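This report concerns only the one structure given below.
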Amino acid sequence: MTVQLSNQLKLSSSAYLRQHADQPVHWQTWSKETLELAKQLNRPILLSIGYAACHWCHVMAHESFDNDKIADYMNEHFINIKIDREERPDLDQIYMAALTAMGEQGGWPLTIFLTPDAEPFWGGTYFPPHTRFNRPGFDDVLRGIHQLFHQDKDKVNHNSRVITEHIQQRLAQHLNHDSAPQDPFLLHKTYAQRLSSMLDPHYGGIKGAPKFPSSPLMEIFWLQHLNNNDPAAYDAFLLSLKNMVQGGIYDHVGGGLCRYSVDDHWLVPHFEKMLYDNSQLIKHGSFAYAKSQDQLLRTRIEEVIDWLQRELQLPQGGFASSLDADSEGVEGKYYVWDRSEIDAILGDDSQIFCEAYNITMQGNWEGSNILNRLHSSLADPDQKLIETCKSKLLAVRQKRIAPARDDKLLVDWNGQLIVALLNAGRVFDRADWIKLAKQTYAKINMSLDHHGLCHCLSDYVPSVRALSSDYAAMIHAAVSLYGYTSDQSYLADARLWLSELNKQHKDENGDYRLTALNQDDVIIHIHADQDDATPSATAQLIEALARLALVDQDIKLQQQIEALSQRALTRIQALSYGQAGILNAALISQSAMILHIFADSMEHPLIKIANQMIDMRRTDVIKVIANDEMRETEIPHLGAQNITQSSAYLCISNRCLAPVYSGDDLEKLLKENASLQT
């Protein structure tokens with residue numbers, strides 16, 4: 001059968017796919033039609049998964065996919081499919097699990113070979129065009145796979161069957177309802193102890209290189225500190241956070257955290273910047289500042305939010321997903337400096353600035369300098385002078401050719417940012433950040449219109465169907481905004497999305513699948529229990545729905561979340577890594593607190609204390625009621641109460657404490673009940 005194919009990526013909504021639209025490879029998009037074509041032609045599928053900001057994706061694209069000879073061979077013998085992993089994380093998780101089942105280390109670009117039935121049988125990540133770096137050349141790989149597929153079908157079928165069964169068992173297993181009950185407090189404490197042995201005592205994070213700012217792992221320490229008043233866990237959290245924001249992984253000129261550092265002490269970043277990393281930095285920094293009052297954290301959060309608004313905010317609202325690692329084809333070129341360049345820009349102030357940021361003539365990375373404060377020879381520089389210097393450097397840097405931005409709006413990542421902005425606005429008394437959170441939520445909601453929740457907005461038009469993570473993030477955002485504003489429309493949104501989530505993603509066992517169950521372009525409908533750089537979809541659902549159940553006093557939903565949590569805790573014991581998110585979410589749902597505040601204005605001391613003492617286990621519901629309107633009010637968990645003055649009610653696990661009426665008394669109450677030692 002002869003079919004004339006061509007590159008189909010020009011009209012894609014994905015910036016990553018469009019990067020490959022002019023290549024000689026006949027790239028196809030992932031669809032039922034493309035998969036059917038592979039069956040008709042009896043060709044293996046070459047599946048390449050990456051994302052717009054990925055440096056090694058660019059390298060392989062230039063070396064192999066722009067190569068006419070390699071492209072001709074791909075076109076003749078394979079059906080070639082490109083996927084943006086940020087648009088389709090469900091497919092990425094399935095085929096990344098397949099790669100690890102083959103004994104390979106994961107990463108991007110993900111290069112995996114499938115049968116025409118979309119079942120994986122061999123794969124890898126980056127391949128050079130010809131053999132080097134102790135890696136097989138891509139030209140040899142293509143010829144070997146072609147030969148294997150057509151000359152040893154039994155081996156291909158055996159491999160694909162074994163791998164598919166493995167990932168089915170790992171990512172989509174059914175559990176008995178009578179599994180032994182799991183103790184989330186004990187599991188969390190045991191995991192924290194194991195994690196402590198892996199902690200870098202000097203720089204924080206996990207020992208060794210590369211170093212990732214892993215949100216789920218960080219929260220293990222923070223929750224251990226909160227629940228057990230554990231000073232070692234508190235120190236571990238702050239050590240990691242502060243070294244991160246003093247290292248080169250943090251952009252000291254423009255603000256914003258890069259995705260990871262390639263070394264073991266946060267110095268040399270992989271220069272791409274992702275929305276999710278920076279949302280989580282705002283989240284963690286806000287909680288840590290509320291406890292420590294460390295001014296470094298205040299400064300970094302202010303810088304990150306300024307950077308988000310300057311470089312990632314989309315023209316009509318909402319936030320883009322990432323900035324590329326490369327500019328002018330060179331990784332990090334936009335961000336690094338020569339000492340002579342800084343001397344010319346800063347003049348007499350250069351010496352002080354260079355001492356503060358470890359800038360030398362020889363440089364600290366490939367002859368250039370990555371600004372950092374890890375080993376500053378100037379411990380306490382004049383901050384006003386430093387800020388003036390950074391402003392001058394930023395003005396010069398903005399004249400350089402900037403890294404490309406991926407403008408797609410991912411709903412789950414924006415939902416996470418909304419919650420982070422709201423919490424930061426409360427802690428730092430920044431009404432503008434709270435307004436930004438509301439505006440971002442409103443823009444997403446308005447763009448959805450009658451389409452229902454989606455995963456991705458391209459030019460504010462829904463382009464990819466919603467995943468369970470999108471429901472989780474937006475339910476959490478809606479509940480948080482309702483709690484702060486008392487606006488019932490937010491709560492109505494959360495209930496509507498829960499209803500849709502149940503219709504589209506809930507299986508017969510009561511668990512949620514990442515992809516909608518009636519979506520038929522995946523070989524497996526997975527749970528998504530394993531963390532990536534963010535908590536897993538299951539973890540996000542447990543926390544979001546637990547908060548909604550608490551606010552609504554929905555006992556039935558609380559029981560469902562308890563059962564969901566128990567099954568997830570059982571499943572993750574079979575995972576080799578990535579369990580932290582579910583452990584954290586289960587602990588939060590079990591140690592949940594709700595604080596009801598009735599006040600005559602948003603300036604009341606009760607609200608100010610609640611804002612200053614935010615707690616990731618606590619959901620706050622604030623109602624502003626004029627003095628002459630205070631009367632008998634129905635309070636969840638307490639029933640009808642005669643509200644005659646501003647007051648606060650703290651409820652812990654459906655047990656409510658006596659009300660308090662002053663900021664001082666609320667501060668004392670929250671401190672007395674901060675530790676839930678087990």
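Labeling convention for the structure tokens: chains A, B, ... as they appear, residues from 1 per chain, ligands from 1 in order of appearance.
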Open item on the list: What's around segment 596-600 of chain A at 9 Å? Count only C-alpha atoms, leave out sequence neighbours fewer than 3 positions away in its own chain, and write the answer as a PyMOL selection string.
Closed with: chain A and resi 483+603-607+610+619-627+630+635-636+643+645-651
Let's have the selection written as a PDB file, in the first residue's frame, with C-alpha atoms.
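Okay, this is what ended up in out18.pdb:
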ATOM      1  CA  GLY A 483     -12.434  30.590  51.494  1.00  0.00           C
ATOM      2  CA  GLU A 603      -8.728  44.589  58.292  1.00  0.00           C
ATOM      3  CA  HIS A 604      -9.850  42.837  61.463  1.00  0.00           C
ATOM      4  CA  PRO A 605      -6.961  41.409  63.561  1.00  0.00           C
ATOM      5  CA  LEU A 606      -8.499  37.921  63.335  1.00  0.00           C
ATOM      6  CA  ILE A 607      -8.022  37.927  59.550  1.00  0.00           C
ATOM      7  CA  ALA A 610      -4.883  34.010  60.003  1.00  0.00           C
ATOM      8  CA  THR A 619      -8.436  25.675  54.988  1.00  0.00           C
ATOM      9  CA  ASP A 620      -9.650  29.143  55.970  1.00  0.00           C
ATOM     10  CA  VAL A 621     -13.193  30.340  55.344  1.00  0.00           C
ATOM     11  CA  ILE A 622     -13.534  34.074  55.914  1.00  0.00           C
ATOM     12  CA  LYS A 623     -16.863  35.880  56.002  1.00  0.00           C
ATOM     13  CA  VAL A 624     -17.097  39.654  56.347  1.00  0.00           C
ATOM     14  CA  ILE A 625     -20.377  40.570  58.039  1.00  0.00           C
ATOM     15  CA  ALA A 626     -21.274  44.098  59.092  1.00  0.00           C
ATOM     16  CA  ASN A 627     -21.952  44.438  62.814  1.00  0.00           C
ATOM     17  CA  MET A 630     -24.457  39.625  62.639  1.00  0.00           C
ATOM     18  CA  ILE A 635     -21.499  27.046  60.625  1.00  0.00           C
ATOM     19  CA  PRO A 636     -20.331  23.761  59.139  1.00  0.00           C
ATOM     20  CA  ILE A 643     -22.757  35.392  65.822  1.00  0.00           C
ATOM     21  CA  GLN A 645     -19.299  39.821  67.286  1.00  0.00           C
ATOM     22  CA  SER A 646     -16.218  39.118  65.235  1.00  0.00           C
ATOM     23  CA  SER A 647     -15.035  35.609  66.081  1.00  0.00           C
ATOM     24  CA  ALA A 648     -12.986  32.637  64.874  1.00  0.00           C
ATOM     25  CA  TYR A 649     -13.737  28.923  65.165  1.00  0.00           C
ATOM     26  CA  LEU A 650     -10.973  26.345  64.642  1.00  0.00           C
ATOM     27  CA  CYS A 651     -12.088  22.792  63.818  1.00  0.00           C
TER      28      CYS A 651
END
Open item on the list: With DSSP run on the backbone, what are the strand (DSSP E or B) residues within segment 14-150 of chain A? I'd like them as a ChimeraX atom specification.
Closed with: /A:28,45-50,79-84,110-114,120-124,132,135
Open item on the list: Restricting the calculation to only C-alpha atoms: of A:Arg400, A:His166, A:Lys671, A:His505, which residue gets closest to Lys291 of chain A?
Closed with: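 Of the candidates, the smallest distance to Lys291 of chain A is held by A:Lys671.
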As a short mmCIF file (atom, residue, chain, number, x, y, z; two decimals) with N, CA and C atoms, in the first residue's frame, please: all residues of segment 92-306 of chain A that backbone DSSP puts in alpha helix (DSSP H).
data_model
loop_
_atom_site.label_atom_id
_atom_site.label_comp_id
_atom_site.auth_asym_id
_atom_site.auth_seq_id
_atom_site.Cartn_x
_atom_site.Cartn_y
_atom_site.Cartn_z
N ASP A 92 2.90 10.65 27.89
CA ASP A 92 4.29 10.71 28.33
C ASP A 92 4.52 9.77 29.51
N GLN A 93 3.60 9.75 30.47
CA GLN A 93 3.77 8.87 31.63
C GLN A 93 3.72 7.40 31.23
N ILE A 94 2.83 7.06 30.32
CA ILE A 94 2.74 5.66 29.88
C ILE A 94 4.04 5.21 29.23
N TYR A 95 4.55 6.00 28.29
CA TYR A 95 5.71 5.55 27.53
C TYR A 95 7.02 5.78 28.28
N MET A 96 7.03 6.71 29.24
CA MET A 96 8.20 6.84 30.11
C MET A 96 8.28 5.63 31.05
N ALA A 97 7.13 5.17 31.53
CA ALA A 97 7.11 3.96 32.35
C ALA A 97 7.59 2.76 31.55
N ALA A 98 7.23 2.72 30.27
CA ALA A 98 7.71 1.63 29.41
C ALA A 98 9.22 1.66 29.30
N LEU A 99 9.78 2.86 29.15
CA LEU A 99 11.23 2.98 29.03
C LEU A 99 11.93 2.49 30.29
N THR A 100 11.45 2.89 31.45
CA THR A 100 12.07 2.44 32.69
C THR A 100 11.88 0.94 32.89
N ALA A 101 10.80 0.38 32.37
CA ALA A 101 10.60 -1.07 32.44
C ALA A 101 11.65 -1.80 31.61
N PHE A 138 21.88 7.20 16.08
CA PHE A 138 20.46 7.09 15.73
C PHE A 138 20.28 6.39 14.38
N ASP A 139 21.23 6.60 13.46
CA ASP A 139 21.11 5.91 12.17
C ASP A 139 21.20 4.40 12.35
N ASP A 140 22.08 3.94 13.24
CA ASP A 140 22.19 2.50 13.52
C ASP A 140 20.95 1.98 14.24
N VAL A 141 20.42 2.79 15.17
CA VAL A 141 19.22 2.38 15.91
C VAL A 141 18.06 2.17 14.95
N LEU A 142 17.87 3.09 14.02
CA LEU A 142 16.75 2.98 13.07
C LEU A 142 16.86 1.72 12.23
N ARG A 143 18.05 1.43 11.76
CA ARG A 143 18.23 0.23 10.93
C ARG A 143 18.04 -1.04 11.75
N GLY A 144 18.52 -1.03 12.98
CA GLY A 144 18.35 -2.19 13.83
C GLY A 144 16.89 -2.45 14.17
N ILE A 145 16.13 -1.39 14.46
CA ILE A 145 14.71 -1.54 14.79
C ILE A 145 13.93 -2.01 13.55
N HIS A 146 14.23 -1.45 12.40
CA HIS A 146 13.56 -1.87 11.16
C HIS A 146 13.78 -3.36 10.93
N GLN A 147 15.03 -3.80 11.08
CA GLN A 147 15.35 -5.22 10.87
C GLN A 147 14.64 -6.09 11.90
N LEU A 148 14.68 -5.68 13.16
CA LEU A 148 14.03 -6.45 14.23
C LEU A 148 12.54 -6.58 13.97
N PHE A 149 11.89 -5.49 13.60
CA PHE A 149 10.44 -5.49 13.43
C PHE A 149 10.00 -6.44 12.32
N HIS A 150 10.76 -6.49 11.23
CA HIS A 150 10.32 -7.28 10.08
C HIS A 150 10.89 -8.69 10.06
N GLN A 151 11.96 -8.93 10.81
CA GLN A 151 12.58 -10.25 10.76
C GLN A 151 12.41 -11.06 12.03
N LYS A 153 9.39 -10.93 14.41
CA LYS A 153 8.11 -10.47 14.96
C LYS A 153 7.82 -11.11 16.31
N ASP A 154 8.27 -12.37 16.50
CA ASP A 154 8.01 -13.04 17.78
C ASP A 154 8.67 -12.27 18.93
N LYS A 155 9.89 -11.81 18.73
CA LYS A 155 10.58 -11.05 19.78
C LYS A 155 9.90 -9.70 20.02
N VAL A 156 9.53 -9.03 18.95
CA VAL A 156 8.84 -7.74 19.08
C VAL A 156 7.54 -7.92 19.85
N ASN A 157 6.76 -8.93 19.47
CA ASN A 157 5.47 -9.16 20.13
C ASN A 157 5.66 -9.55 21.59
N HIS A 158 6.70 -10.36 21.86
CA HIS A 158 6.99 -10.76 23.24
C HIS A 158 7.36 -9.53 24.07
N ASN A 159 8.28 -8.72 23.54
CA ASN A 159 8.70 -7.51 24.26
C ASN A 159 7.52 -6.59 24.53
N SER A 160 6.72 -6.34 23.51
CA SER A 160 5.61 -5.40 23.66
C SER A 160 4.59 -5.93 24.66
N ARG A 161 4.35 -7.23 24.64
CA ARG A 161 3.38 -7.82 25.57
C ARG A 161 3.87 -7.72 27.01
N VAL A 162 5.12 -8.07 27.23
CA VAL A 162 5.69 -8.04 28.59
C VAL A 162 5.74 -6.61 29.13
N ILE A 163 6.18 -5.68 28.30
CA ILE A 163 6.29 -4.29 28.75
C ILE A 163 4.90 -3.70 29.03
N THR A 164 3.96 -3.96 28.14
CA THR A 164 2.60 -3.42 28.33
C THR A 164 1.96 -4.00 29.58
N GLU A 165 2.15 -5.30 29.80
CA GLU A 165 1.61 -5.91 31.02
C GLU A 165 2.25 -5.30 32.26
N HIS A 166 3.55 -5.02 32.17
CA HIS A 166 4.26 -4.42 33.31
C HIS A 166 3.71 -3.04 33.64
N ILE A 167 3.54 -2.20 32.63
CA ILE A 167 3.06 -0.85 32.93
C ILE A 167 1.58 -0.87 33.31
N GLN A 168 0.84 -1.84 32.78
CA GLN A 168 -0.56 -2.00 33.21
C GLN A 168 -0.61 -2.31 34.71
N GLN A 169 0.25 -3.20 35.16
CA GLN A 169 0.28 -3.57 36.56
C GLN A 169 0.78 -2.41 37.42
N ARG A 170 1.74 -1.68 36.90
CA ARG A 170 2.36 -0.61 37.69
C ARG A 170 1.51 0.65 37.75
N LEU A 171 0.87 1.01 36.65
CA LEU A 171 0.19 2.30 36.56
C LEU A 171 -1.33 2.22 36.62
N PRO A 184 -1.40 6.73 57.41
CA PRO A 184 -0.65 7.76 56.69
C PRO A 184 0.40 8.45 57.55
N PHE A 185 0.14 8.57 58.86
CA PHE A 185 1.10 9.22 59.74
C PHE A 185 2.38 8.39 59.85
N LEU A 186 2.21 7.07 60.04
CA LEU A 186 3.37 6.19 60.16
C LEU A 186 4.13 6.09 58.84
N LEU A 187 3.41 5.93 57.73
CA LEU A 187 4.06 5.85 56.43
C LEU A 187 4.84 7.12 56.12
N HIS A 188 4.25 8.25 56.44
CA HIS A 188 4.90 9.54 56.19
C HIS A 188 6.17 9.68 57.03
N LYS A 189 6.08 9.31 58.30
CA LYS A 189 7.23 9.43 59.20
C LYS A 189 8.36 8.50 58.75
N THR A 190 8.02 7.28 58.34
CA THR A 190 9.02 6.32 57.88
C THR A 190 9.71 6.83 56.62
N TYR A 191 8.92 7.38 55.71
CA TYR A 191 9.47 7.92 54.46
C TYR A 191 10.39 9.11 54.77
N ALA A 192 9.98 9.97 55.69
CA ALA A 192 10.80 11.13 56.05
C ALA A 192 12.13 10.70 56.64
N GLN A 193 12.12 9.66 57.45
CA GLN A 193 13.37 9.16 58.02
C GLN A 193 14.29 8.63 56.93
N ARG A 194 13.72 7.91 55.97
CA ARG A 194 14.53 7.39 54.86
C ARG A 194 15.07 8.54 54.01
N LEU A 195 14.25 9.55 53.79
CA LEU A 195 14.66 10.70 53.00
C LEU A 195 15.77 11.48 53.69
N SER A 196 15.71 11.55 55.02
CA SER A 196 16.73 12.29 55.77
C SER A 196 18.12 11.73 55.53
N SER A 215 9.29 19.59 44.71
CA SER A 215 8.24 20.05 45.62
C SER A 215 7.73 18.94 46.53
N PRO A 216 7.37 17.76 46.01
CA PRO A 216 6.85 16.73 46.90
C PRO A 216 7.82 16.31 47.99
N LEU A 217 9.12 16.20 47.66
CA LEU A 217 10.10 15.82 48.66
C LEU A 217 10.28 16.92 49.70
N MET A 218 10.28 18.17 49.26
CA MET A 218 10.38 19.29 50.20
C MET A 218 9.23 19.26 51.21
N GLU A 219 8.04 18.96 50.70
CA GLU A 219 6.86 18.98 51.58
C GLU A 219 6.85 17.84 52.59
N ILE A 220 7.57 16.76 52.30
CA ILE A 220 7.73 15.71 53.31
C ILE A 220 8.33 16.31 54.57
N PHE A 221 9.39 17.09 54.42
CA PHE A 221 10.05 17.70 55.59
C PHE A 221 9.15 18.73 56.25
N TRP A 222 8.48 19.55 55.44
CA TRP A 222 7.65 20.61 56.02
C TRP A 222 6.51 20.02 56.84
N LEU A 223 5.87 18.98 56.32
CA LEU A 223 4.76 18.38 57.06
C LEU A 223 5.23 17.63 58.29
N GLN A 224 6.41 17.03 58.23
CA GLN A 224 6.95 16.40 59.43
C GLN A 224 7.21 17.45 60.51
N HIS A 225 7.70 18.59 60.09
CA HIS A 225 7.91 19.69 61.04
C HIS A 225 6.58 20.15 61.64
N LEU A 226 5.57 20.34 60.80
CA LEU A 226 4.29 20.84 61.29
C LEU A 226 3.62 19.84 62.23
N ASN A 227 3.55 18.60 61.82
CA ASN A 227 2.78 17.62 62.58
C ASN A 227 3.48 17.13 63.84
N ASN A 228 4.81 17.18 63.83
CA ASN A 228 5.56 16.62 64.95
C ASN A 228 6.48 17.61 65.64
N PRO A 231 12.32 19.87 64.71
CA PRO A 231 13.26 20.93 64.29
C PRO A 231 14.20 20.49 63.18
N ALA A 232 14.56 19.20 63.14
CA ALA A 232 15.46 18.72 62.08
C ALA A 232 14.79 18.80 60.72
N ALA A 233 13.51 18.47 60.67
CA ALA A 233 12.77 18.55 59.40
C ALA A 233 12.65 20.01 58.96
N TYR A 234 12.40 20.90 59.90
CA TYR A 234 12.32 22.34 59.61
C TYR A 234 13.64 22.83 59.04
N ASP A 235 14.76 22.44 59.67
CA ASP A 235 16.08 22.86 59.20
C ASP A 235 16.37 22.31 57.81
N ALA A 236 15.97 21.06 57.56
CA ALA A 236 16.20 20.45 56.25
C ALA A 236 15.46 21.20 55.16
N PHE A 237 14.22 21.58 55.45
CA PHE A 237 13.42 22.33 54.48
C PHE A 237 14.06 23.68 54.18
N LEU A 238 14.41 24.43 55.23
CA LEU A 238 14.99 25.76 55.02
C LEU A 238 16.36 25.69 54.36
N LEU A 239 17.17 24.69 54.73
CA LEU A 239 18.49 24.53 54.12
C LEU A 239 18.36 24.37 52.62
N SER A 240 17.46 23.51 52.19
CA SER A 240 17.27 23.27 50.76
C SER A 240 16.75 24.52 50.07
N LEU A 241 15.73 25.13 50.65
CA LEU A 241 15.08 26.28 50.02
C LEU A 241 16.04 27.46 49.89
N LYS A 242 16.77 27.75 50.94
CA LYS A 242 17.64 28.93 50.92
C LYS A 242 18.85 28.73 50.02
N ASN A 243 19.41 27.52 49.99
CA ASN A 243 20.53 27.29 49.08
C ASN A 243 20.08 27.35 47.63
N MET A 244 18.88 26.85 47.36
CA MET A 244 18.33 26.95 46.02
C MET A 244 18.28 28.40 45.54
N VAL A 245 17.71 29.26 46.36
CA VAL A 245 17.49 30.64 45.92
C VAL A 245 18.75 31.50 46.05
N GLN A 246 19.83 30.94 46.60
CA GLN A 246 21.11 31.63 46.59
C GLN A 246 22.03 31.08 45.50
N LEU A 275 6.92 27.24 34.60
CA LEU A 275 5.92 27.87 35.46
C LEU A 275 5.75 27.08 36.76
N TYR A 276 5.71 25.73 36.66
CA TYR A 276 5.39 24.95 37.86
C TYR A 276 6.47 25.07 38.93
N ASP A 277 7.76 25.13 38.55
CA ASP A 277 8.82 25.26 39.56
C ASP A 277 8.66 26.57 40.33
N ASN A 278 8.33 27.62 39.61
CA ASN A 278 8.24 28.92 40.25
C ASN A 278 6.96 29.07 41.08
N SER A 279 5.88 28.43 40.66
CA SER A 279 4.68 28.39 41.50
C SER A 279 4.98 27.72 42.83
N GLN A 280 5.72 26.62 42.75
CA GLN A 280 6.02 25.88 43.98
C GLN A 280 7.01 26.63 44.85
N LEU A 281 7.91 27.40 44.24
CA LEU A 281 8.82 28.24 45.04
C LEU A 281 8.03 29.29 45.80
N ILE A 282 7.04 29.91 45.14
CA ILE A 282 6.19 30.89 45.83
C ILE A 282 5.45 30.22 46.97
N LYS A 283 4.90 29.04 46.70
CA LYS A 283 4.16 28.30 47.73
C LYS A 283 5.04 27.99 48.94
N HIS A 284 6.19 27.37 48.69
CA HIS A 284 7.06 26.98 49.80
C HIS A 284 7.64 28.20 50.51
N GLY A 285 8.03 29.20 49.73
CA GLY A 285 8.60 30.40 50.35
C GLY A 285 7.60 31.11 51.24
N SER A 286 6.33 31.11 50.86
CA SER A 286 5.30 31.77 51.67
C SER A 286 5.11 31.05 53.00
N PHE A 287 5.01 29.72 52.96
CA PHE A 287 4.86 28.97 54.21
C PHE A 287 6.08 29.14 55.10
N ALA A 288 7.26 29.09 54.49
CA ALA A 288 8.49 29.20 55.28
C ALA A 288 8.64 30.59 55.87
N TYR A 289 8.30 31.63 55.10
CA TYR A 289 8.39 32.98 55.63
C TYR A 289 7.42 33.20 56.78
N ALA A 290 6.20 32.67 56.65
CA ALA A 290 5.21 32.82 57.71
C ALA A 290 5.74 32.29 59.04
N LYS A 291 6.59 31.27 58.97
CA LYS A 291 7.16 30.67 60.17
C LYS A 291 8.46 31.34 60.59
N SER A 292 9.34 31.62 59.62
CA SER A 292 10.70 32.06 59.95
C SER A 292 10.89 33.57 59.93
N GLN A 295 13.91 37.39 55.72
CA GLN A 295 13.72 38.41 54.70
C GLN A 295 14.23 37.96 53.33
N LEU A 296 15.15 37.02 53.29
CA LEU A 296 15.61 36.49 52.01
C LEU A 296 14.44 35.89 51.24
N LEU A 297 13.56 35.17 51.94
CA LEU A 297 12.42 34.53 51.29
C LEU A 297 11.44 35.57 50.78
N ARG A 298 11.22 36.62 51.54
CA ARG A 298 10.35 37.71 51.07
C ARG A 298 10.90 38.29 49.76
N THR A 299 12.19 38.58 49.76
CA THR A 299 12.80 39.18 48.58
C THR A 299 12.67 38.27 47.36
N ARG A 300 12.95 36.98 47.55
CA ARG A 300 12.89 36.07 46.41
C ARG A 300 11.46 35.93 45.88
N ILE A 301 10.49 35.86 46.75
CA ILE A 301 9.10 35.73 46.28
C ILE A 301 8.70 36.98 45.50
N GLU A 302 9.08 38.15 46.01
CA GLU A 302 8.77 39.39 45.28
C GLU A 302 9.42 39.37 43.90
N GLU A 303 10.67 38.91 43.84
CA GLU A 303 11.38 38.86 42.56
C GLU A 303 10.73 37.87 41.59
N VAL A 304 10.34 36.72 42.11
CA VAL A 304 9.75 35.69 41.24
C VAL A 304 8.42 36.17 40.67
N ILE A 305 7.59 36.78 41.50
CA ILE A 305 6.29 37.23 41.01
C ILE A 305 6.47 38.39 40.02
N ASP A 306 7.45 39.26 40.27
CA ASP A 306 7.75 40.31 39.29
C ASP A 306 8.17 39.69 37.95
#
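Closest approach to Asp412 of chain A from the set A:Phe428, A:Trp266, A:Tyr441, A:Phe353 is made by A:Tyr441, with distances taken over only C-alpha atoms.
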Open item on the list: Nearest residue to Ala544 of chain A out of A:Ile524, A:Ala477, A:Ile652, A:Leu496, using only C-alpha atoms?
Closed with: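 Closest residue, counting only C-alpha atoms: A:Ala477.
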With a distance cut-off of 8 Å and only C-alpha atoms, select the neighbouring residues of Cys389 of chain A, excluding the residue or stretch itself and same-chain residues fewer than 3 positions from it, and output the selection as a PDB file with N, CA and C atoms, in the first residue's frame.
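around_39.pdb written:
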ATOM      1  N   LEU A 346      28.814  48.523  35.225  1.00  0.00           N
ATOM      2  CA  LEU A 346      28.649  48.997  36.606  1.00  0.00           C
ATOM      3  C   LEU A 346      29.706  49.997  37.039  1.00  0.00           C
ATOM      4  N   ASP A 349      31.016  50.553  40.863  1.00  0.00           N
ATOM      5  CA  ASP A 349      30.270  49.637  41.733  1.00  0.00           C
ATOM      6  C   ASP A 349      30.535  48.170  41.399  1.00  0.00           C
ATOM      7  N   PHE A 353      29.825  44.430  43.588  1.00  0.00           N
ATOM      8  CA  PHE A 353      28.833  43.498  43.037  1.00  0.00           C
ATOM      9  C   PHE A 353      29.475  42.156  42.710  1.00  0.00           C
ATOM     10  N   LEU A 385      22.616  49.413  46.806  1.00  0.00           N
ATOM     11  CA  LEU A 385      23.580  49.409  45.702  1.00  0.00           C
ATOM     12  C   LEU A 385      23.396  48.152  44.855  1.00  0.00           C
ATOM     13  N   ILE A 386      23.200  47.011  45.511  1.00  0.00           N
ATOM     14  CA  ILE A 386      23.029  45.746  44.787  1.00  0.00           C
ATOM     15  C   ILE A 386      21.807  45.806  43.877  1.00  0.00           C
ATOM     16  N   LYS A 392      20.553  47.716  36.392  1.00  0.00           N
ATOM     17  CA  LYS A 392      21.372  48.083  35.228  1.00  0.00           C
ATOM     18  C   LYS A 392      21.669  46.850  34.369  1.00  0.00           C
ATOM     19  N   LEU A 393      22.009  45.734  35.037  1.00  0.00           N
ATOM     20  CA  LEU A 393      22.315  44.507  34.298  1.00  0.00           C
ATOM     21  C   LEU A 393      21.078  43.980  33.572  1.00  0.00           C
TER      22      LEU A 393
END
TODO: Mind giving me the straight-line distance from atom CA of Pro201 of chain A to atom CA of Arg373 of chain A in Å, one decimal?
DONE: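 Interatomic distance, atom CA of Pro201 of chain A to atom CA of Arg373 of chain A: 17.9 Å.
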Open item on the list: Just to confirm, what's the straight-line distance from atom CA of Gln40 of chain A to atom CA of His26 of chain A in Å (one decimal)?
Closed with: 16.8 Å
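Take the candidates A:Pro269, A:Gly255, A:Arg513, A:Asp348 and check each one against Arg310 of chain A using only C-alpha atoms; the shortest distance goes to A:Gly255.
Comparing A:Ala21, A:Ala568, A:Ile112, A:Val59 by their smallest distance to Gln8 of chain A, the closest is A:Ala21 (using only C-alpha atoms).
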TODO: Quote the spacing between atom CA of Ser653 of chain A and atom CA of Arg547 of chain A in Å to one decimal place.
DONE: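 One can read the atom CA of Ser653 of chain A to atom CA of Arg547 of chain A distance as 11.7 Å.
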